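Shown below: query28.pdb, with PDB, C-alpha atoms, pLDDT in the B column.
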```pdb
ATOM      1  CA  MET Q  22       4.664  50.600 -11.739  1.00 58.00           C
ATOM      2  CA  ALA Q  23       0.920  51.278 -11.892  1.00 73.00           C
ATOM      3  CA  GLU Q  24      -0.392  54.241  -9.962  1.00 86.00           C
ATOM      4  CA  PRO Q  25      -1.990  53.131  -6.660  1.00 93.00           C
ATOM      5  CA  ALA Q  26      -5.712  53.587  -6.106  1.00 96.00           C
ATOM      6  CA  LEU Q  27      -4.944  55.382  -2.840  1.00 97.00           C
ATOM      7  CA  ALA Q  28      -1.756  56.928  -1.504  1.00 97.00           C
ATOM      8  CA  LEU Q  29      -1.131  58.899   1.694  1.00 98.00           C
ATOM      9  CA  ALA Q  30       2.254  60.429   2.508  1.00 97.00           C
ATOM     10  CA  GLY Q  31       3.009  62.182   5.800  1.00 97.00           C
ATOM     11  CA  VAL Q  32      -0.636  63.113   6.346  1.00 98.00           C
ATOM     12  CA  GLY Q  33      -1.513  65.102   9.475  1.00 97.00           C
ATOM     13  CA  LYS Q  34      -4.591  66.689  11.008  1.00 97.00           C
ATOM     14  CA  ARG Q  35      -4.672  68.529  14.363  1.00 96.00           C
ATOM     15  CA  TYR Q  36      -7.565  68.927  16.772  1.00 93.00           C
ATOM     16  CA  PRO Q  37      -7.540  70.157  20.372  1.00 93.00           C
ATOM     17  CA  GLY Q  38      -6.389  67.143  22.346  1.00 91.00           C
ATOM     18  CA  PHE Q  39      -5.742  64.917  19.315  1.00 94.00           C
ATOM     19  CA  ALA Q  40      -3.384  64.863  16.347  1.00 95.00           C
ATOM     20  CA  LEU Q  41      -3.206  62.585  13.352  1.00 97.00           C
ATOM     21  CA  ALA Q  42       0.460  62.601  12.390  1.00 97.00           C
ATOM     22  CA  ASP Q  43       2.646  61.260   9.565  1.00 97.00           C
ATOM     23  CA  VAL Q  44       0.100  58.737   8.254  1.00 97.00           C
ATOM     24  CA  THR Q  45       1.683  57.023   5.254  1.00 97.00           C
ATOM     25  CA  PHE Q  46       0.450  54.044   3.248  1.00 97.00           C
ATOM     26  CA  ASP Q  47      -0.741  53.152  -0.234  1.00 95.00           C
ATOM     27  CA  LEU Q  48      -3.192  50.684  -1.747  1.00 97.00           C
ATOM     28  CA  PRO Q  49      -2.819  49.123  -5.215  1.00 95.00           C
ATOM     29  CA  ARG Q  50      -5.827  48.522  -7.418  1.00 94.00           C
ATOM     30  CA  GLY Q  51      -7.387  45.098  -7.013  1.00 92.00           C
ATOM     31  CA  TYR Q  52      -6.622  44.821  -3.287  1.00 94.00           C
ATOM     32  CA  VAL Q  53      -8.272  45.442   0.088  1.00 94.00           C
ATOM     33  CA  LEU Q  54      -6.777  47.418   2.976  1.00 96.00           C
ATOM     34  CA  GLY Q  55      -8.122  47.100   6.501  1.00 95.00           C
ATOM     35  CA  LEU Q  56      -7.691  50.164   8.720  1.00 95.00           C
ATOM     36  CA  VAL Q  57      -7.810  49.101  12.368  1.00 93.00           C
ATOM     37  CA  GLY Q  58      -7.330  50.610  15.791  1.00 91.00           C
ATOM     38  CA  PRO Q  59      -9.223  51.446  18.984  1.00 89.00           C
ATOM     39  CA  ASN Q  60     -11.884  54.136  19.140  1.00 86.00           C
ATOM     40  CA  GLY Q  61     -10.236  57.543  18.863  1.00 89.00           C
ATOM     41  CA  ALA Q  62      -7.180  56.209  17.018  1.00 93.00           C
ATOM     42  CA  GLY Q  63      -7.916  58.326  13.932  1.00 94.00           C
ATOM     43  CA  LYS Q  64      -9.603  55.856  11.560  1.00 94.00           C
ATOM     44  CA  THR Q  65     -12.616  58.004  10.664  1.00 91.00           C
ATOM     45  CA  THR Q  66     -10.472  61.158  10.447  1.00 94.00           C
ATOM     46  CA  THR Q  67      -8.193  59.368   7.980  1.00 96.00           C
ATOM     47  CA  LEU Q  68     -11.127  58.282   5.816  1.00 95.00           C
ATOM     48  CA  LYS Q  69     -12.611  61.800   5.849  1.00 94.00           C
ATOM     49  CA  LEU Q  70      -9.268  63.148   4.634  1.00 96.00           C
ATOM     50  CA  VAL Q  71      -9.291  60.550   1.860  1.00 96.00           C
ATOM     51  CA  LEU Q  72     -12.761  61.728   0.815  1.00 93.00           C
ATOM     52  CA  GLY Q  73     -11.833  65.405   0.986  1.00 93.00           C
ATOM     53  CA  LEU Q  74     -14.381  66.041   3.743  1.00 92.00           C
ATOM     54  CA  LEU Q  75     -11.637  67.507   5.950  1.00 94.00           C
ATOM     55  CA  ARG Q  76      -8.681  69.716   5.066  1.00 95.00           C
ATOM     56  CA  ARG Q  77      -5.378  68.146   6.037  1.00 96.00           C
ATOM     57  CA  ASP Q  78      -2.749  70.140   7.892  1.00 97.00           C
ATOM     58  CA  ALA Q  79       0.211  68.254   6.435  1.00 97.00           C
ATOM     59  CA  GLY Q  80       1.162  65.699   3.810  1.00 97.00           C
ATOM     60  CA  GLU Q  81      -0.359  64.535   0.546  1.00 97.00           C
ATOM     61  CA  VAL Q  82      -3.372  62.394  -0.354  1.00 97.00           C
ATOM     62  CA  ARG Q  83      -3.957  60.977  -3.825  1.00 97.00           C
ATOM     63  CA  VAL Q  84      -7.204  59.213  -4.684  1.00 97.00           C
ATOM     64  CA  LEU Q  85      -6.991  57.591  -8.138  1.00 96.00           C
ATOM     65  CA  GLY Q  86      -4.267  60.121  -8.889  1.00 95.00           C
ATOM     66  CA  LEU Q  87      -6.376  63.103  -7.768  1.00 96.00           C
ATOM     67  CA  ASP Q  88      -6.061  65.414  -4.776  1.00 96.00           C
ATOM     68  CA  PRO Q  89      -9.415  65.081  -2.921  1.00 95.00           C
ATOM     69  CA  GLU Q  90      -9.170  68.686  -1.666  1.00 93.00           C
ATOM     70  CA  ARG Q  91      -8.393  70.301  -4.996  1.00 93.00           C
ATOM     71  CA  ASP Q  92     -10.295  67.840  -7.221  1.00 92.00           C
ATOM     72  CA  GLY Q  93     -13.009  66.895  -4.732  1.00 87.00           C
ATOM     73  CA  ALA Q  94     -15.981  66.477  -7.055  1.00 88.00           C
ATOM     74  CA  ALA Q  95     -14.000  64.558  -9.682  1.00 91.00           C
ATOM     75  CA  ALA Q  96     -12.478  62.251  -7.054  1.00 92.00           C
ATOM     76  CA  ARG Q  97     -15.742  61.571  -5.210  1.00 88.00           C
ATOM     77  CA  ALA Q  98     -17.504  60.728  -8.490  1.00 89.00           C
ATOM     78  CA  ARG Q  99     -15.139  57.734  -8.766  1.00 93.00           C
ATOM     79  CA  VAL Q 100     -15.392  56.685  -5.102  1.00 94.00           C
ATOM     80  CA  GLY Q 101     -18.128  54.700  -3.362  1.00 93.00           C
ATOM     81  CA  PHE Q 102     -18.528  55.563   0.336  1.00 92.00           C
ATOM     82  CA  VAL Q 103     -20.420  53.684   3.036  1.00 89.00           C
ATOM     83  CA  HIS Q 104     -20.519  55.292   6.490  1.00 84.00           C
ATOM     84  CA  ASP Q 105     -21.149  53.261   9.643  1.00 77.00           C
ATOM     85  CA  GLU Q 106     -24.426  55.213  10.005  1.00 79.00           C
ATOM     86  CA  PRO Q 107     -25.602  55.628   6.404  1.00 80.00           C
ATOM     87  CA  PHE Q 108     -27.278  58.978   5.912  1.00 82.00           C
ATOM     88  CA  TYR Q 109     -30.078  59.317   3.407  1.00 93.00           C
ATOM     89  CA  PHE Q 110     -33.332  61.234   3.538  1.00 95.00           C
ATOM     90  CA  PRO Q 111     -35.325  59.359   6.215  1.00 95.00           C
ATOM     91  CA  GLN Q 112     -38.750  60.527   5.064  1.00 96.00           C
ATOM     92  CA  LEU Q 113     -38.180  59.402   1.455  1.00 97.00           C
ATOM     93  CA  THR Q 114     -38.476  55.904   0.046  1.00 97.00           C
ATOM     94  CA  LEU Q 115     -35.447  54.018  -1.192  1.00 98.00           C
ATOM     95  CA  ALA Q 116     -36.577  54.642  -4.777  1.00 98.00           C
ATOM     96  CA  GLN Q 117     -36.809  58.387  -4.125  1.00 98.00           C
ATOM     97  CA  ASN Q 118     -33.396  58.478  -2.427  1.00 97.00           C
ATOM     98  CA  ARG Q 119     -31.926  56.540  -5.341  1.00 97.00           C
ATOM     99  CA  SER Q 120     -33.383  58.941  -7.915  1.00 96.00           C
ATOM    100  CA  LEU Q 121     -32.097  62.015  -6.079  1.00 95.00           C
ATOM    101  CA  ILE Q 122     -28.559  60.741  -5.609  1.00 94.00           C
ATOM    102  CA  ALA Q 123     -28.045  58.893  -8.899  1.00 94.00           C
ATOM    103  CA  ARG Q 124     -28.153  62.174 -10.867  1.00 92.00           C
ATOM    104  CA  PHE Q 125     -24.844  63.226  -9.256  1.00 88.00           C
ATOM    105  CA  TYR Q 126     -23.043  60.260 -10.841  1.00 90.00           C
ATOM    106  CA  PRO Q 127     -22.613  60.401 -14.622  1.00 88.00           C
ATOM    107  CA  THR Q 128     -21.622  56.714 -14.606  1.00 92.00           C
ATOM    108  CA  TRP Q 129     -24.703  55.549 -12.656  1.00 95.00           C
ATOM    109  CA  ASP Q 130     -25.814  52.072 -13.818  1.00 95.00           C
ATOM    110  CA  GLU Q 131     -29.464  51.373 -13.066  1.00 96.00           C
ATOM    111  CA  THR Q 132     -29.104  47.734 -14.163  1.00 96.00           C
ATOM    112  CA  VAL Q 133     -26.433  47.143 -11.529  1.00 93.00           C
ATOM    113  CA  PHE Q 134     -28.529  48.852  -8.855  1.00 96.00           C
ATOM    114  CA  ALA Q 135     -31.603  46.759  -9.714  1.00 96.00           C
ATOM    115  CA  ARG Q 136     -29.549  43.566  -9.523  1.00 92.00           C
ATOM    116  CA  LEU Q 137     -28.075  44.496  -6.143  1.00 90.00           C
ATOM    117  CA  ALA Q 138     -31.429  45.650  -4.762  1.00 94.00           C
ATOM    118  CA  ALA Q 139     -32.890  42.248  -5.650  1.00 93.00           C
ATOM    119  CA  ALA Q 140     -29.882  40.382  -4.241  1.00 85.00           C
ATOM    120  CA  PHE Q 141     -30.138  42.366  -0.977  1.00 87.00           C
ATOM    121  CA  SER Q 142     -33.929  41.909  -0.752  1.00 90.00           C
ATOM    122  CA  LEU Q 143     -34.532  45.664  -0.746  1.00 95.00           C
ATOM    123  CA  ARG Q 144     -38.097  46.952  -1.050  1.00 96.00           C
ATOM    124  CA  LEU Q 145     -37.755  50.264  -2.835  1.00 97.00           C
ATOM    125  CA  ASP Q 146     -41.161  51.491  -1.630  1.00 97.00           C
ATOM    126  CA  GLN Q 147     -39.990  51.492   2.013  1.00 97.00           C
ATOM    127  CA  ARG Q 148     -38.982  54.730   3.722  1.00 97.00           C
ATOM    128  CA  PHE Q 149     -35.297  54.834   4.590  1.00 97.00           C
ATOM    129  CA  GLY Q 150     -36.053  56.006   8.137  1.00 95.00           C
ATOM    130  CA  ALA Q 151     -38.106  52.868   8.816  1.00 95.00           C
ATOM    131  CA  LEU Q 152     -35.324  50.413   7.967  1.00 93.00           C
ATOM    132  CA  SER Q 153     -33.252  48.292  10.317  1.00 88.00           C
ATOM    133  CA  ARG Q 154     -29.514  48.978  10.533  1.00 84.00           C
ATOM    134  CA  GLY Q 155     -28.725  45.921   8.414  1.00 82.00           C
ATOM    135  CA  THR Q 156     -31.136  46.956   5.655  1.00 88.00           C
ATOM    136  CA  ARG Q 157     -29.796  50.531   5.709  1.00 90.00           C
ATOM    137  CA  MET Q 158     -26.323  49.117   5.191  1.00 85.00           C
ATOM    138  CA  ARG Q 159     -27.550  46.941   2.315  1.00 86.00           C
ATOM    139  CA  PHE Q 160     -29.046  50.002   0.627  1.00 93.00           C
ATOM    140  CA  ALA Q 161     -25.919  52.097   1.185  1.00 92.00           C
ATOM    141  CA  LEU Q 162     -23.751  49.356  -0.280  1.00 88.00           C
ATOM    142  CA  ALA Q 163     -26.028  48.967  -3.314  1.00 92.00           C
ATOM    143  CA  MET Q 164     -25.778  52.728  -3.892  1.00 94.00           C
ATOM    144  CA  ALA Q 165     -21.986  52.719  -3.518  1.00 92.00           C
ATOM    145  CA  LEU Q 166     -21.567  49.871  -6.004  1.00 89.00           C
ATOM    146  CA  SER Q 167     -23.889  51.204  -8.725  1.00 94.00           C
ATOM    147  CA  HIS Q 168     -21.821  53.962 -10.319  1.00 93.00           C
ATOM    148  CA  GLY Q 169     -18.654  52.135 -11.341  1.00 90.00           C
ATOM    149  CA  ALA Q 170     -16.617  53.244  -8.321  1.00 92.00           C
ATOM    150  CA  GLU Q 171     -12.903  52.466  -8.622  1.00 94.00           C
ATOM    151  CA  LEU Q 172     -12.302  52.897  -4.875  1.00 96.00           C
ATOM    152  CA  LEU Q 173     -14.689  51.803  -2.129  1.00 94.00           C
ATOM    153  CA  VAL Q 174     -14.286  53.510   1.257  1.00 95.00           C
ATOM    154  CA  LEU Q 175     -16.172  51.764   4.058  1.00 92.00           C
ATOM    155  CA  ASP Q 176     -16.248  53.093   7.625  1.00 90.00           C
ATOM    156  CA  GLU Q 177     -17.033  50.259  10.081  1.00 85.00           C
ATOM    157  CA  PRO Q 178     -19.417  48.636   7.557  1.00 81.00           C
ATOM    158  CA  THR Q 179     -20.097  45.460   9.554  1.00 79.00           C
ATOM    159  CA  THR Q 180     -20.477  46.875  13.076  1.00 74.00           C
ATOM    160  CA  GLY Q 181     -23.790  45.840  14.595  1.00 71.00           C
ATOM    161  CA  LEU Q 182     -24.731  43.514  11.746  1.00 75.00           C
ATOM    162  CA  ASP Q 183     -25.830  39.957  12.358  1.00 77.00           C
ATOM    163  CA  PRO Q 184     -23.200  37.306  11.478  1.00 81.00           C
ATOM    164  CA  VAL Q 185     -25.127  35.967   8.469  1.00 81.00           C
ATOM    165  CA  PHE Q 186     -25.382  39.320   6.711  1.00 77.00           C
ATOM    166  CA  ARG Q 187     -21.824  40.190   7.714  1.00 81.00           C
ATOM    167  CA  ARG Q 188     -20.626  37.135   5.789  1.00 82.00           C
ATOM    168  CA  GLU Q 189     -22.883  38.032   2.852  1.00 80.00           C
ATOM    169  CA  LEU Q 190     -21.526  41.582   2.773  1.00 79.00           C
ATOM    170  CA  LEU Q 191     -17.924  40.378   2.806  1.00 81.00           C
ATOM    171  CA  ASP Q 192     -18.721  37.929  -0.006  1.00 82.00           C
ATOM    172  CA  VAL Q 193     -20.197  40.787  -2.076  1.00 81.00           C
ATOM    173  CA  LEU Q 194     -17.074  42.882  -1.509  1.00 82.00           C
ATOM    174  CA  ARG Q 195     -14.861  39.979  -2.528  1.00 82.00           C
ATOM    175  CA  SER Q 196     -16.852  39.597  -5.757  1.00 82.00           C
ATOM    176  CA  VAL Q 197     -16.309  43.311  -6.489  1.00 81.00           C
ATOM    177  CA  LEU Q 198     -12.576  42.645  -6.660  1.00 79.00           C
ATOM    178  CA  GLN Q 199     -13.044  40.493  -9.752  1.00 81.00           C
ATOM    179  CA  ASP Q 200     -12.721  43.874 -11.458  1.00 79.00           C
ATOM    180  CA  GLU Q 201      -9.006  44.447 -10.950  1.00 85.00           C
ATOM    181  CA  ARG Q 202      -9.404  48.227 -11.369  1.00 88.00           C
ATOM    182  CA  VAL Q 203     -11.230  48.413  -8.019  1.00 91.00           C
ATOM    183  CA  ALA Q 204      -9.661  48.746  -4.567  1.00 95.00           C
ATOM    184  CA  ILE Q 205     -11.328  48.742  -1.148  1.00 94.00           C
ATOM    185  CA  VAL Q 206     -10.318  50.412   2.113  1.00 96.00           C
ATOM    186  CA  PHE Q 207     -12.400  49.686   5.199  1.00 92.00           C
ATOM    187  CA  SER Q 208     -12.080  50.480   8.877  1.00 92.00           C
ATOM    188  CA  THR Q 209     -13.039  47.856  11.425  1.00 86.00           C
ATOM    189  CA  HIS Q 210     -12.318  46.489  14.870  1.00 80.00           C
ATOM    190  CA  ILE Q 211     -13.617  43.000  13.997  1.00 79.00           C
ATOM    191  CA  THR Q 212     -10.588  40.814  13.368  1.00 79.00           C
ATOM    192  CA  SER Q 213     -12.561  38.100  11.564  1.00 81.00           C
ATOM    193  CA  ASP Q 214     -13.428  40.668   8.865  1.00 81.00           C
ATOM    194  CA  LEU Q 215      -9.726  41.243   8.290  1.00 84.00           C
ATOM    195  CA  GLU Q 216      -9.064  37.516   8.060  1.00 84.00           C
ATOM    196  CA  ARG Q 217     -11.798  37.072   5.434  1.00 83.00           C
ATOM    197  CA  LEU Q 218     -11.147  40.110   3.273  1.00 87.00           C
ATOM    198  CA  ALA Q 219      -8.032  42.248   3.851  1.00 92.00           C
ATOM    199  CA  ASP Q 220      -4.827  41.887   1.860  1.00 93.00           C
ATOM    200  CA  PHE Q 221      -3.073  44.690   3.745  1.00 96.00           C
ATOM    201  CA  VAL Q 222      -3.569  46.046   7.255  1.00 95.00           C
ATOM    202  CA  VAL Q 223      -2.740  49.472   8.689  1.00 96.00           C
ATOM    203  CA  VAL Q 224      -2.910  49.734  12.484  1.00 95.00           C
ATOM    204  CA  LEU Q 225      -3.518  53.202  13.948  1.00 95.00           C
ATOM    205  CA  GLN Q 226      -2.803  54.055  17.570  1.00 95.00           C
ATOM    206  CA  ARG Q 227      -3.182  57.568  18.985  1.00 94.00           C
ATOM    207  CA  GLY Q 228      -3.184  59.094  15.527  1.00 96.00           C
ATOM    208  CA  ARG Q 229      -0.068  57.365  14.252  1.00 96.00           C
ATOM    209  CA  VAL Q 230       0.641  54.289  12.143  1.00 97.00           C
ATOM    210  CA  ALA Q 231       1.757  51.588  14.566  1.00 95.00           C
ATOM    211  CA  ALA Q 232       2.085  48.938  11.846  1.00 93.00           C
ATOM    212  CA  ALA Q 233       1.518  48.619   8.097  1.00 94.00           C
ATOM    213  CA  ALA Q 234       2.000  45.238   6.462  1.00 92.00           C
ATOM    214  CA  THR Q 235       0.250  42.359   4.746  1.00 92.00           C
ATOM    215  CA  ARG Q 236      -2.489  40.585   6.675  1.00 88.00           C
ATOM    216  CA  ASP Q 237      -0.302  37.515   7.204  1.00 86.00           C
ATOM    217  CA  GLU Q 238       2.635  39.577   8.467  1.00 88.00           C
ATOM    218  CA  ILE Q 239       0.374  41.363  10.952  1.00 82.00           C
ATOM    219  CA  ALA Q 240      -1.056  38.023  12.104  1.00 78.00           C
ATOM    220  CA  GLU Q 241       2.437  36.652  12.706  1.00 80.00           C
ATOM    221  CA  ARG Q 242       3.255  39.640  14.913  1.00 76.00           C
TER     222      ARG Q 242
END
```

Representation of the structure as structure tokens:
Amino acid sequence: MAEPALALAGVGKRYPGFALADVTFDLPRGYVLGLVGPNGAGKTTTLKLVLGLLRRDAGEVRVLGLDPERDGAAARARVGFVHDEPFYFPQLTLAQNRSLIARFYPTWDETVFARLAAAFSLRLDQRFGALSRGTRMRFALAMALSHGAELLVLDEPTTGLDPVFRRELLDVLRSVLQDERVAIVFSTHITSDLERLADFVVVLQRGRVAAAATRDEIAER
């Protein structure tokens, strides 16, 4: 059996007043997993553990076969991440942000970025801080898709976007999956996004996995 793109086993993280406990699921390459749950359920904490931005208190995480704590730089070089509030240098133009960040990715593909920038109607001479939320998300997605990422991690990528661009974004993500090496995990509370994109769904409630199944099985429940 092929190694999954992402695997969590018994993962835990404790905070005062909140605990993520025994989170277990995996995601094969070529598929999409939707991570859902109410605010405070542990979705963002889970994704930060996947990215190695937090140290887990229990369990194991494997990202493309790597431990994101021990092999953080190597793992993140193969992962594309889009946060719900994309952070880039607000005073710099998109071209300047691109030039600064691209150097950290040895597999950066400027041809892919140029194609996506055109498809997303991005003006590279604009300052990032002057962009609307939708345009910031377009730029963040173009950046995440331009270095051959094998795993895309998206934290509430469609929240606050207008319905037209939300559909466009989901169509772009679906086209990414034509490369069967790539997998996508995204958190959301918008059920229509799950219906359009997710193959598997993990439901978090109060820091625990309440359900983990295919999209159709979850829908039947």

task = Give as number ranges by chain the set of residues within 12 Å of the point (-20.3, 41.5, 8.5), where distances use the file's coordinates and only C-alpha atoms.
result = Q: 105, 155, 158-159, 175, 177-194, 207, 209-218

ask   = Mind telling me what the PyMOL selection byres ((chain Q and resi 151) around 12) catches here, as JSON, numbers by chain?
value = {"Q": [109, 110, 111, 112, 113, 114, 115, 144, 145, 146, 147, 148, 149, 150, 152, 153, 154, 155, 156, 157]}

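Comparing the minimum interatomic distances between Q:Ala219 and each of Q:Glu106, Q:Tyr52, Q:Ser142, Q:Asp130, counting all atoms listed in the file, we find that Q:Tyr52 sits nearest.
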
note = What separates atom CA of Q:Leu225 and atom CA of Q:Gly63 is a distance of 6.8 Å

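Among the candidate residues Q:Ala26, Q:Ala98, Q:Thr45, Q:Pro89, the one lying nearest to Q:Ala123 is Q:Ala98, with distances computed using only C-alpha atoms.
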
ask   = What lies within 12 Å of Q:Leu70 using all atoms listed in the file, ignoring chain neighbours under 2 positions off, as a PyMOL selection string?
value = chain Q and resi 27-29+32-34+41+44+63-68+72-84+88-90+93+97+174

key: Coordinates-based distance that separates atom CA of Q:Leu56 from atom CA of Q:Ala96 (Å, one decimal)   =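 Rounded to one decimal, the two atoms are 20.4 Å apart.
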
Hey, could you pull the box centre and edge lengths for stretch 108-113 of chain Q, axis-aligned, 8 Å padding per side, all listed atoms, to one decimal in Å, as AutoDock Vina command-line options?
```
--center_x -33.0 --center_y 60.1 --center_z 3.8 --size_x 27.5 --size_y 18.3 --size_z 20.8
```

ask   = Expanded to explicit residues, what is the PyMOL selection byres ((chain Q and resi 51) around 9) for this file, as a ChimeraX atom specification?
value = /Q:26,48-50,52-53,198-205

Option closest in space to Q:His168, from Q:Val100, Q:Ala139, Q:Val206, Q:Val230 [counting all atoms listed in the file] = Q:Val100

query = Hey, which of Q:Glu171, Q:Glu238, Q:Glu24, Q:Glu131 ends up closest to Q:Val223? Count only C-alpha atoms.
reply =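 Counting only C-alpha atoms, the residue closest to Q:Val223 is Q:Glu238.
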
query = Do you have the atom CA of Q:Pro25-atom CA of Q:Arg229 distance handy?
reply = 21.4 Å

ask   = With only C-alpha atoms as the basis for distance, which of Q:Phe141, Q:Asp47, Q:Ser167, Q:Phe221 is at the shortest distance from Q:Arg124?
value =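 Residue with the minimum atom-to-atom distance to Q:Arg124: Q:Ser167.
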
request  = Excluding Q:Ala163 and residues on its chain fewer than 3 positions from it, collect all residues at most 8 Å away from it, counting all atoms listed in the file, and give them as a PyMOL selection string.
outcome  = chain Q and resi 134+137-138+159-160+166-167
